[in-house]
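Enquirer: What follows is the file run_37.csv, containing CSV, C-alpha atoms and all ligand atoms:
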```
chain,number,residue,atom,x,y,z
A,1,MET,CA,50.5,333.6,172.3
A,2,SER,CA,49.4,330.2,173.2
A,3,LEU,CA,47.9,329.2,176.5
A,4,SER,CA,49.8,326.9,178.8
A,5,LYS,CA,48.6,323.3,179.4
A,6,ALA,CA,48.3,324.1,183.1
A,7,THR,CA,46.0,327.1,182.4
A,8,VAL,CA,43.7,325.0,180.2
A,9,VAL,CA,43.5,322.3,182.9
A,10,ALA,CA,42.8,324.9,185.6
A,11,GLN,CA,39.9,326.3,183.5
A,12,VAL,CA,38.3,322.9,183.1
A,13,LEU,CA,39.1,321.7,186.6
A,14,PRO,CA,39.0,324.6,189.0
A,15,ASN,CA,39.5,322.6,192.2
A,16,SER,CA,42.6,320.8,193.3
A,17,PRO,CA,42.2,317.0,193.3
A,18,GLN,CA,41.7,314.7,196.3
A,19,PRO,CA,44.4,312.1,197.0
A,20,GLY,CA,43.9,309.1,194.8
A,21,LYS,CA,43.5,305.3,195.1
A,22,GLN,CA,44.7,302.7,192.7
A,23,ALA,CA,43.5,303.1,189.1
A,24,ASP,CA,44.0,300.9,186.0
A,25,ALA,CA,43.4,301.8,182.3
A,26,PHE,CA,44.0,300.5,178.9
A,27,ALA,CA,44.1,302.4,175.6
A,28,PRO,CA,44.8,301.0,172.0
A,29,SER,CA,47.4,302.1,169.6
A,30,ASN,CA,46.2,303.7,166.4
A,31,ILE,CA,47.2,304.0,162.8
A,32,ALA,CA,46.3,307.2,160.9
A,33,LEU,CA,44.6,306.8,157.5
A,34,CYS,CA,44.6,310.6,157.1
A,35,LYS,CA,47.7,311.8,158.9
A,36,TYR,CA,48.1,314.5,161.5
A,37,TRP,CA,51.1,316.5,160.2
A,38,GLY,CA,51.8,320.0,161.5
A,39,LYS,CA,50.7,322.0,164.5
A,40,ARG,CA,49.1,325.4,164.8
A,41,ASP,CA,49.9,325.4,168.5
A,42,ARG,CA,53.0,323.5,169.7
A,43,GLU,CA,52.3,323.9,173.5
A,44,LEU,CA,48.8,322.3,173.2
A,45,ASN,CA,49.5,320.0,170.2
A,46,LEU,CA,46.7,321.7,168.2
A,47,PRO,CA,46.8,320.4,164.6
A,48,VAL,CA,46.8,322.2,161.3
A,49,ASN,CA,44.5,319.6,159.9
A,50,ALA,CA,41.9,317.1,161.1
A,51,SER,CA,42.9,313.4,160.9
A,52,LEU,CA,41.3,309.9,160.9
A,53,SER,CA,42.7,306.7,162.3
A,54,ILE,CA,41.9,303.1,163.1
A,55,SER,CA,42.6,301.7,166.5
A,56,LEU,CA,44.4,298.4,167.0
A,57,GLY,CA,42.0,296.6,169.3
A,58,SER,CA,43.8,294.9,172.2
A,59,LEU,CA,47.3,296.2,171.1
A,60,GLY,CA,48.2,299.2,173.2
A,61,SER,CA,49.2,300.4,176.6
A,62,GLN,CA,48.0,299.3,180.1
A,63,THR,CA,48.7,301.8,182.8
A,64,ARG,CA,48.3,301.6,186.6
A,65,ILE,CA,48.7,304.4,189.1
A,66,THR,CA,49.0,303.7,192.8
A,67,PRO,CA,49.9,306.0,195.7
A,68,ALA,CA,53.6,305.7,196.7
A,69,ASP,CA,55.6,306.5,199.7
A,70,GLY,CA,58.0,309.4,199.5
A,71,HIS,CA,59.0,309.5,195.9
A,72,ASP,CA,57.4,309.1,192.5
A,73,GLN,CA,58.2,305.9,190.7
A,74,VAL,CA,58.0,305.3,187.0
A,75,TRP,CA,58.0,301.8,185.5
A,76,LEU,CA,58.0,300.7,181.9
A,77,ASN,CA,57.4,297.1,180.8
A,78,GLY,CA,58.4,295.8,184.3
A,79,GLN,CA,61.5,297.9,184.7
A,80,ARG,CA,61.9,300.8,187.1
A,81,LEU,CA,63.2,303.8,185.2
A,82,GLU,CA,65.4,306.7,186.5
A,83,LEU,CA,63.4,309.8,186.9
A,84,ASP,CA,65.6,311.8,184.6
A,85,THR,CA,64.9,309.7,181.5
A,86,ASN,CA,62.9,311.2,178.8
A,87,PHE,CA,60.0,308.8,179.4
A,88,SER,CA,59.9,309.5,183.1
A,89,ARG,CA,60.0,313.3,182.7
A,90,LYS,CA,57.2,313.3,180.1
A,91,VAL,CA,55.0,311.0,182.2
A,92,LEU,CA,55.6,313.0,185.5
A,93,GLU,CA,55.1,316.3,183.8
A,94,PHE,CA,51.8,315.1,182.5
A,95,ILE,CA,50.7,313.8,185.9
A,96,GLY,CA,51.7,317.1,187.4
A,97,LEU,CA,49.1,318.9,185.3
A,98,PHE,CA,46.4,317.1,187.2
A,99,ARG,CA,48.1,316.5,190.6
A,100,ARG,CA,48.8,320.3,190.9
A,101,ASP,CA,49.6,321.3,194.5
A,102,LEU,CA,48.5,318.0,196.0
A,103,GLN,CA,51.3,316.4,198.1
A,104,GLN,CA,51.0,312.7,197.1
A,105,SER,CA,53.7,310.6,195.4
A,106,VAL,CA,52.6,308.1,192.9
A,107,MET,CA,53.9,304.9,191.3
A,108,VAL,CA,53.0,304.7,187.6
A,109,GLU,CA,53.4,301.5,185.7
A,110,THR,CA,53.0,301.2,181.9
A,111,VAL,CA,53.1,298.0,180.0
A,112,ASN,CA,53.0,298.1,176.2
A,113,ASN,CA,51.8,294.9,174.5
A,114,ILE,CA,52.5,296.1,170.9
A,115,PRO,CA,54.7,293.4,169.4
A,116,THR,CA,58.1,295.0,169.7
A,117,ALA,CA,58.9,293.6,166.3
A,118,ALA,CA,56.3,295.9,164.8
A,119,GLY,CA,58.2,299.1,165.5
A,120,LEU,CA,55.1,301.1,166.4
A,121,ALA,CA,55.3,304.2,168.5
A,122,SER,CA,53.6,303.9,171.8
A,123,SER,CA,53.2,307.5,172.8
A,124,ALA,CA,49.6,307.6,171.5
A,125,SER,CA,48.3,304.7,173.5
A,126,GLY,CA,50.6,305.6,176.4
A,127,PHE,CA,49.2,309.1,176.9
A,128,ALA,CA,45.6,307.9,176.3
A,129,ALA,CA,45.9,305.2,178.9
A,130,LEU,CA,47.6,307.6,181.4
A,131,MET,CA,44.9,310.1,180.9
A,132,LEU,CA,42.2,307.5,181.6
A,133,ALA,CA,44.0,306.3,184.6
A,134,LEU,CA,44.4,309.8,186.0
A,135,ASN,CA,40.7,310.4,185.5
A,136,GLU,CA,40.0,307.4,187.7
A,137,PHE,CA,42.8,308.0,190.2
A,138,TYR,CA,41.8,311.6,191.0
A,139,GLN,CA,38.1,311.0,190.2
A,140,LEU,CA,38.1,313.9,187.7
A,141,GLN,CA,34.8,312.8,186.1
A,142,LEU,CA,35.8,314.1,182.7
A,143,ASN,CA,33.7,313.3,179.7
A,144,PRO,CA,35.1,311.5,176.6
A,145,GLU,CA,35.7,314.7,174.7
A,146,GLN,CA,37.6,316.2,177.6
A,147,LEU,CA,39.6,313.1,178.1
A,148,SER,CA,40.6,313.1,174.4
A,149,ALA,CA,41.4,316.8,174.4
A,150,PHE,CA,43.6,316.4,177.5
A,151,ALA,CA,45.4,313.2,176.1
A,152,ARG,CA,46.2,315.4,173.0
A,153,MET,CA,48.2,317.7,175.2
A,154,GLY,CA,50.5,314.7,175.9
A,155,SER,CA,50.8,313.7,172.3
A,156,GLY,CA,48.5,314.7,169.5
A,157,SER,CA,47.8,311.2,168.2
A,158,ALA,CA,46.8,310.2,171.8
A,159,SER,CA,43.5,312.1,171.3
A,160,ARG,CA,42.5,309.3,168.9
A,161,SER,CA,43.7,306.4,171.1
A,162,MET,CA,40.9,307.2,173.5
A,163,PHE,CA,38.5,305.2,171.3
A,164,ASP,CA,38.1,301.9,169.4
A,165,GLY,CA,37.5,301.5,165.7
A,166,PHE,CA,37.6,304.4,163.2
A,167,VAL,CA,38.3,307.7,165.0
A,168,GLU,CA,38.2,311.2,163.7
A,169,TRP,CA,40.2,314.0,165.4
A,170,HIS,CA,38.6,317.4,164.9
A,171,LYS,CA,41.1,320.2,164.5
A,172,GLY,CA,39.0,322.7,166.4
A,173,GLN,CA,39.5,326.4,166.4
A,174,GLN,CA,39.4,327.6,170.0
A,175,PRO,CA,42.6,328.9,171.5
A,176,ASP,CA,42.3,326.6,174.5
A,177,GLY,CA,41.9,323.6,172.2
A,178,MET,CA,38.9,322.1,174.1
A,179,ASP,CA,37.1,321.7,170.7
A,180,SER,CA,40.1,319.8,169.3
A,181,PHE,CA,39.2,316.3,170.5
A,182,ALA,CA,38.6,312.9,168.8
A,183,GLU,CA,35.4,311.0,168.3
A,184,PRO,CA,34.7,307.5,167.2
A,185,LEU,CA,32.8,306.9,163.9
A,186,PRO,CA,29.8,304.5,164.3
A,187,GLN,CA,30.8,302.3,161.4
A,188,SER,CA,32.5,298.9,161.9
A,189,TRP,CA,34.2,296.8,159.2
A,190,PRO,CA,34.5,293.1,159.8
A,191,GLY,CA,37.4,291.5,158.0
A,192,PHE,CA,39.4,294.8,157.9
A,193,CYS,CA,43.1,293.8,158.4
A,194,ILE,CA,46.2,295.8,159.3
A,195,GLY,CA,49.6,294.2,158.8
A,196,LEU,CA,52.4,295.6,160.9
A,197,LEU,CA,55.4,295.1,158.7
A,198,LYS,CA,58.7,295.8,160.4
A,199,VAL,CA,61.3,296.2,157.7
A,200,CYS,CA,64.3,297.4,159.6
A,201,THR,CA,65.4,298.3,163.1
A,202,ALA,CA,67.4,301.5,162.3
A,203,GLU,CA,66.8,304.0,165.1
A,204,LYS,CA,65.1,307.1,163.9
A,205,THR,CA,67.0,310.3,164.5
A,206,VAL,CA,64.2,312.9,164.2
A,207,ASP,CA,60.9,312.2,166.0
A,208,SER,CA,57.6,313.1,164.5
A,209,ARG,CA,57.3,316.2,166.7
A,210,ALA,CA,60.5,317.7,165.4
A,211,GLY,CA,59.8,316.3,161.9
A,212,MET,CA,56.5,318.0,161.5
A,213,GLN,CA,57.9,321.3,162.8
A,214,ARG,CA,60.8,321.3,160.3
A,215,THR,CA,58.4,320.4,157.5
A,216,LEU,CA,56.0,323.2,158.4
A,217,GLU,CA,58.8,325.8,158.6
A,218,THR,CA,60.9,324.9,155.6
A,219,ALA,CA,59.0,322.9,153.0
A,220,PRO,CA,57.2,325.1,150.4
A,221,LEU,CA,55.3,321.9,149.4
A,222,TYR,CA,53.6,321.9,152.8
A,223,GLN,CA,51.3,324.6,151.6
A,224,SER,CA,49.2,322.1,149.7
A,225,TRP,CA,49.0,319.7,152.7
A,226,PRO,CA,46.1,321.1,154.7
A,227,GLN,CA,43.8,321.2,151.7
A,228,GLN,CA,44.7,317.7,150.6
A,229,ALA,CA,44.2,316.4,154.1
A,230,GLU,CA,40.8,318.0,154.3
A,231,GLN,CA,39.7,316.4,151.0
A,232,ASP,CA,41.2,313.0,152.0
A,233,LEU,CA,39.3,313.0,155.3
A,234,LYS,CA,36.0,313.5,153.5
A,235,THR,CA,36.8,310.8,151.0
A,236,LEU,CA,37.8,308.3,153.7
A,237,LYS,CA,34.7,308.9,155.7
A,238,GLN,CA,32.6,308.3,152.6
A,239,ALA,CA,34.6,305.2,151.8
A,240,ILE,CA,34.0,303.9,155.3
A,241,TYR,CA,30.3,304.7,155.1
A,242,GLN,CA,30.0,302.8,151.8
A,243,ARG,CA,32.5,300.0,152.8
A,244,ASN,CA,34.5,300.8,149.6
A,245,PHE,CA,37.9,299.3,150.3
A,246,THR,CA,39.5,300.4,147.1
A,247,ARG,CA,38.6,304.0,147.8
A,248,LEU,CA,39.8,303.8,151.4
A,249,GLY,CA,43.1,302.1,150.5
A,250,GLU,CA,43.9,304.4,147.6
A,251,THR,CA,43.2,307.5,149.7
A,252,ALA,CA,45.1,306.3,152.8
A,253,GLU,CA,48.1,305.4,150.7
A,254,GLN,CA,48.2,308.6,148.7
A,255,ASN,CA,47.7,310.6,151.9
A,256,ALA,CA,50.7,308.9,153.6
A,257,LEU,CA,52.9,309.3,150.6
A,258,SER,CA,51.9,313.0,150.2
A,259,MET,CA,52.9,313.6,153.8
A,260,HIS,CA,56.2,311.9,153.1
A,261,ALA,CA,56.6,314.1,150.0
A,262,THR,CA,56.3,317.2,152.2
A,263,MET,CA,59.1,315.9,154.5
A,264,ILE,CA,61.4,315.1,151.7
A,265,ALA,CA,60.9,318.7,150.5
A,266,ALA,CA,61.9,320.1,153.9
A,267,TRP,CA,65.3,321.4,154.7
A,268,PRO,CA,67.4,319.7,155.8
A,269,PRO,CA,65.5,316.9,154.0
A,270,LEU,CA,63.7,314.3,156.0
A,271,LEU,CA,63.5,310.8,154.6
A,272,TYR,CA,62.4,308.2,157.0
A,273,TRP,CA,62.6,305.4,154.4
A,274,GLN,CA,65.3,302.8,154.4
A,275,PRO,CA,66.2,300.8,151.3
A,276,GLU,CA,64.1,297.9,152.9
A,277,SER,CA,61.1,300.3,153.1
A,278,VAL,CA,61.2,301.0,149.4
A,279,ALA,CA,61.7,297.3,148.6
A,280,ALA,CA,58.6,296.5,150.7
A,281,MET,CA,56.6,299.3,149.0
A,282,GLN,CA,57.5,297.7,145.6
A,283,ARG,CA,56.3,294.3,146.8
A,284,VAL,CA,53.0,295.9,147.8
A,285,TRP,CA,52.6,297.5,144.4
A,286,GLN,CA,53.5,294.2,142.6
A,287,LEU,CA,51.0,292.3,144.6
A,288,ARG,CA,48.4,295.0,143.8
A,289,ALA,CA,49.3,294.9,140.1
A,290,ALA,CA,48.7,291.1,140.2
A,291,GLY,CA,45.1,291.8,141.5
A,292,THR,CA,45.3,291.7,145.3
A,293,GLU,CA,43.7,294.7,147.1
A,294,ILE,CA,46.5,295.7,149.4
A,295,TYR,CA,47.6,299.2,150.3
A,296,LEU,CA,50.2,300.7,152.5
A,297,THR,CA,50.6,303.6,154.9
A,298,MET,CA,53.7,304.8,156.8
A,299,ASP,CA,54.4,307.2,159.7
A,300,ALA,CA,57.5,309.0,160.7
A,301,GLY,CA,59.6,305.8,160.5
A,302,PRO,CA,60.9,303.1,158.1
A,303,ASN,CA,58.2,300.5,158.7
A,304,LEU,CA,55.0,299.8,156.7
A,305,LYS,CA,51.4,299.2,157.8
A,306,LEU,CA,49.5,297.1,155.2
A,307,LEU,CA,45.8,297.5,154.7
A,308,PHE,CA,43.9,294.5,153.3
A,309,GLN,CA,40.8,292.4,153.8
A,310,SER,CA,40.6,289.0,155.5
A,311,SER,CA,39.6,287.4,152.2
A,312,ASP,CA,43.1,288.1,150.9
A,313,ILE,CA,45.0,287.1,154.0
A,314,GLU,CA,46.6,284.0,152.5
A,315,LEU,CA,47.9,285.9,149.4
A,316,VAL,CA,49.3,288.6,151.7
A,317,ARG,CA,51.0,286.0,153.9
A,318,GLN,CA,52.6,284.4,150.9
A,319,ALA,CA,53.9,287.7,149.7
A,320,PHE,CA,55.1,288.8,153.2
A,321,PRO,CA,56.1,285.6,154.9
A,322,GLU,CA,57.8,287.7,157.7
A,323,LEU,CA,54.3,288.8,158.9
A,324,GLN,CA,53.6,286.6,162.0
A,325,ALA,CA,50.2,286.1,163.5
A,326,PRO,CA,50.5,288.9,166.1
A,327,ASP,CA,51.5,291.3,163.4
A,328,ILE,CA,48.1,291.0,161.7
A,329,VAL,CA,45.4,293.0,163.5
A,330,THR,CA,41.7,292.7,162.8
A,331,PRO,CA,40.2,295.6,164.9
A,332,PHE,CA,36.5,294.7,164.2
A,333,ASP,CA,36.6,290.9,164.7
B,401,LIG,C1,53.2,310.7,161.4
B,401,LIG,O1,51.2,312.4,167.8
B,401,LIG,O2,53.6,311.5,167.8
B,401,LIG,O3,52.2,309.4,163.2
B,401,LIG,O4,51.8,315.6,168.9
B,401,LIG,O5,54.2,315.9,168.7
B,401,LIG,O6,53.3,314.0,170.1
B,401,LIG,P1,53.1,314.9,168.9
B,401,LIG,O7,53.2,314.0,167.6
B,401,LIG,P2,52.6,312.5,167.3
B,401,LIG,O8,52.6,312.6,165.7
B,401,LIG,C2,52.1,311.5,164.9
B,401,LIG,C3,52.4,311.8,163.5
B,401,LIG,C4,52.1,310.6,162.5
B,401,LIG,C5,50.7,310.8,161.9
B,401,LIG,C6,49.6,310.4,162.7
B,401,LIG,O9,49.6,309.6,163.6
B,401,LIG,O10,48.5,311.0,162.5
```
Rewrite the coordinates I just gave you, this time as C-alpha cells.
Ligand code: DP6
Expert:
Amino acid sequence: MSLSKATVVAQVLPNSPQPGKQADAFAPSNIALCKYWGKRDRELNLPVNASLSISLGSLGSQTRITPADGHDQVWLNGQRLELDTNFSRKVLEFIGLFRRDLQQSVMVETVNNIPTAAGLASSASGFAALMLALNEFYQLQLNPEQLSAFARMGSGSASRSMFDGFVEWHKGQQPDGMDSFAEPLPQSWPGFCIGLLKVCTAEKTVDSRAGMQRTLETAPLYQSWPQQAEQDLKTLKQAIYQRNFTRLGETAEQNALSMHATMIAAWPPLLYWQPESVAAMQRVWQLRAAGTEIYLTMDAGPNLKLLFQSSDIELVRQAFPELQAPDIVTPFD
C-alpha cells in the first residue's frame, strides 16, 4: 500500500502554514539523457529507475502566487482558466497539499516561455516552479532535496527541473519517497547544444503517465529496461566527467530508442513516432555518417531533441534549416 501525498507532506511539515504573501519563482525545462520510464509507486511518482537530465537554462516556467479574494484563480500564459480544466485541477490539488486547512484563496499565474514550436512538455518546469513558489509563499523553508522530492509528487520529471545543468534523480527506496530526489552534478560543459526539433503538431493521445504504466504492465521487453537504465546512467556520468561527447551522445540516443522499443512492445502498442519523426531520425544518422557528431533523443511524443556541440552548429543548421535561433539551447553558455 502506498502512502498518500498528504500523509508524506504532513510528516515533513507537521504544522499548518501561515497565510502567504506574493511569491515568484522560475524553473527550467529539462531533457532526459537517461529516461525515467516506469513507476514503482504511482501515487508518489516513485520511479523504477534513476535518471539523468540536462536543464534548458532560461527556457521554462515562471510562476507567481498571490493572495486572492473569495475564490482561487488559475492563469496560464496570460489567460484565466476555468477551474474544472485539467490544468487547474492539477495545480489546485497540488497547492492543497501545502495549504491544508488554511482558509486563504490564491491566484496562481504560470507563464511558459518554451518556444511553443518546440513541442516540449511543460509539466516538469511547471511543477518545479510551483513548488518553489509555494515554498516562498508559505515560508516552508524546505531544503533543495525536499523541494525536489515534493515537486516529484506533481510530476516525476519535475524533481529534475529544480536544478540547472546536468541533474541526476535518485530512485530512492523509502516508502515515503523522501530519498527519491534530484541533485545537480558539479560538471559544466561549455559549447553543449540542444536543438529542439519540432517535426509535427499531431496531438498525442496517450500521455507519458499512461504510456509508462501500459508499458510496465504489458511489455515483456520492459524487463530489461531497469538494468539498462542503470548501466546507461553510469556511462553517462562517466562521459560527462570525461567530457566525452561521443560516449554521451551514443548512450543517450540508445537509451531513448530502447525506451521507445519497450513502448512499441506494449499492448496495445504505443508508437509516438510520426512519419516525419522517422525522416528526421534518418537525417540525423546521415549527418552523423558524414562525420558530424550529432545524436538524438525523444520523449513520449513525435519531436526530436538533437545533441551536438557548438563547433558543429553551422553544419547542423544546414541540415536542419527549420531550427530557428530560439530552438537551439546552450545551457552552459
Ligand atoms: C519520457 O514526468 O511527465 O519524458 O511522473 O507521470 O508526471 P509523470 O511523468 P513525466 O514523465 C516523463 C517521461 C519522459 C522521460 C523523462 O523525462 O525522463
Enquirer: Show me which residues sit within 6 Å of ligand LIG 401 (chain B) when counting all atoms listed in the file, and put them as a list in words.
Expert: Ala32, Lys35, Tyr36, Trp37, Asn45, Ser155, Gly156, Ser157, Ser208, Arg209, Asp299 and Ala300 of chain A
Enquirer: Separation of CA of Lys305 (chain A) and CA of Gln274 (chain A), in Å?
Expert: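 It comes out at 14.8 Å.
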Enquirer: Could you build a table of the residues in region 168-272 of chain A lying no more than 10 Å from region 123-145 of chain A, giving for each the nearest pair of atoms and their separation in Å rounded to one decimal place, using only C-alpha atoms, ordered by chain and ascending residue number, as CSV?
Expert:
```
residue,atom,partner,partner_atom,distance
A:Met178,CA,A:Glu145,CA,8.1
A:Asp179,CA,A:Glu145,CA,8.2
A:Ser180,CA,A:Glu145,CA,8.6
A:Phe181,CA,A:Glu145,CA,5.7
A:Ala182,CA,A:Glu145,CA,6.8
A:Glu183,CA,A:Glu145,CA,7.4
```
Enquirer: I need the residue nearest Ala25 (chain A) from this list: A:Ala289, A:Val111, A:Cys193, A:Leu97. Use only C-alpha atoms for the distance.
Expert: A:Val111
Enquirer: CA of Leu296 (chain A) and CA of Leu233 (chain A) are how many Å apart?
Expert: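 Distance reported for this atom pair: 16.7 Å.
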Enquirer: Do you have the CA of Asp333 (chain A)-CA of Arg243 (chain A) distance handy?
Expert: 15.5 Å
Enquirer: Hey, what's within 12 Å of Glu82 (chain A) if we count all atoms listed in the file and toss same-chain stuff fewer than 4 positions away? As a list in words, please?
Expert: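 Residues meeting the cut-off are His71, Asp72, Gln73, Val74, Trp75, Leu76, Asn86, Phe87, Ser88, Arg89 and Leu92 of chain A.
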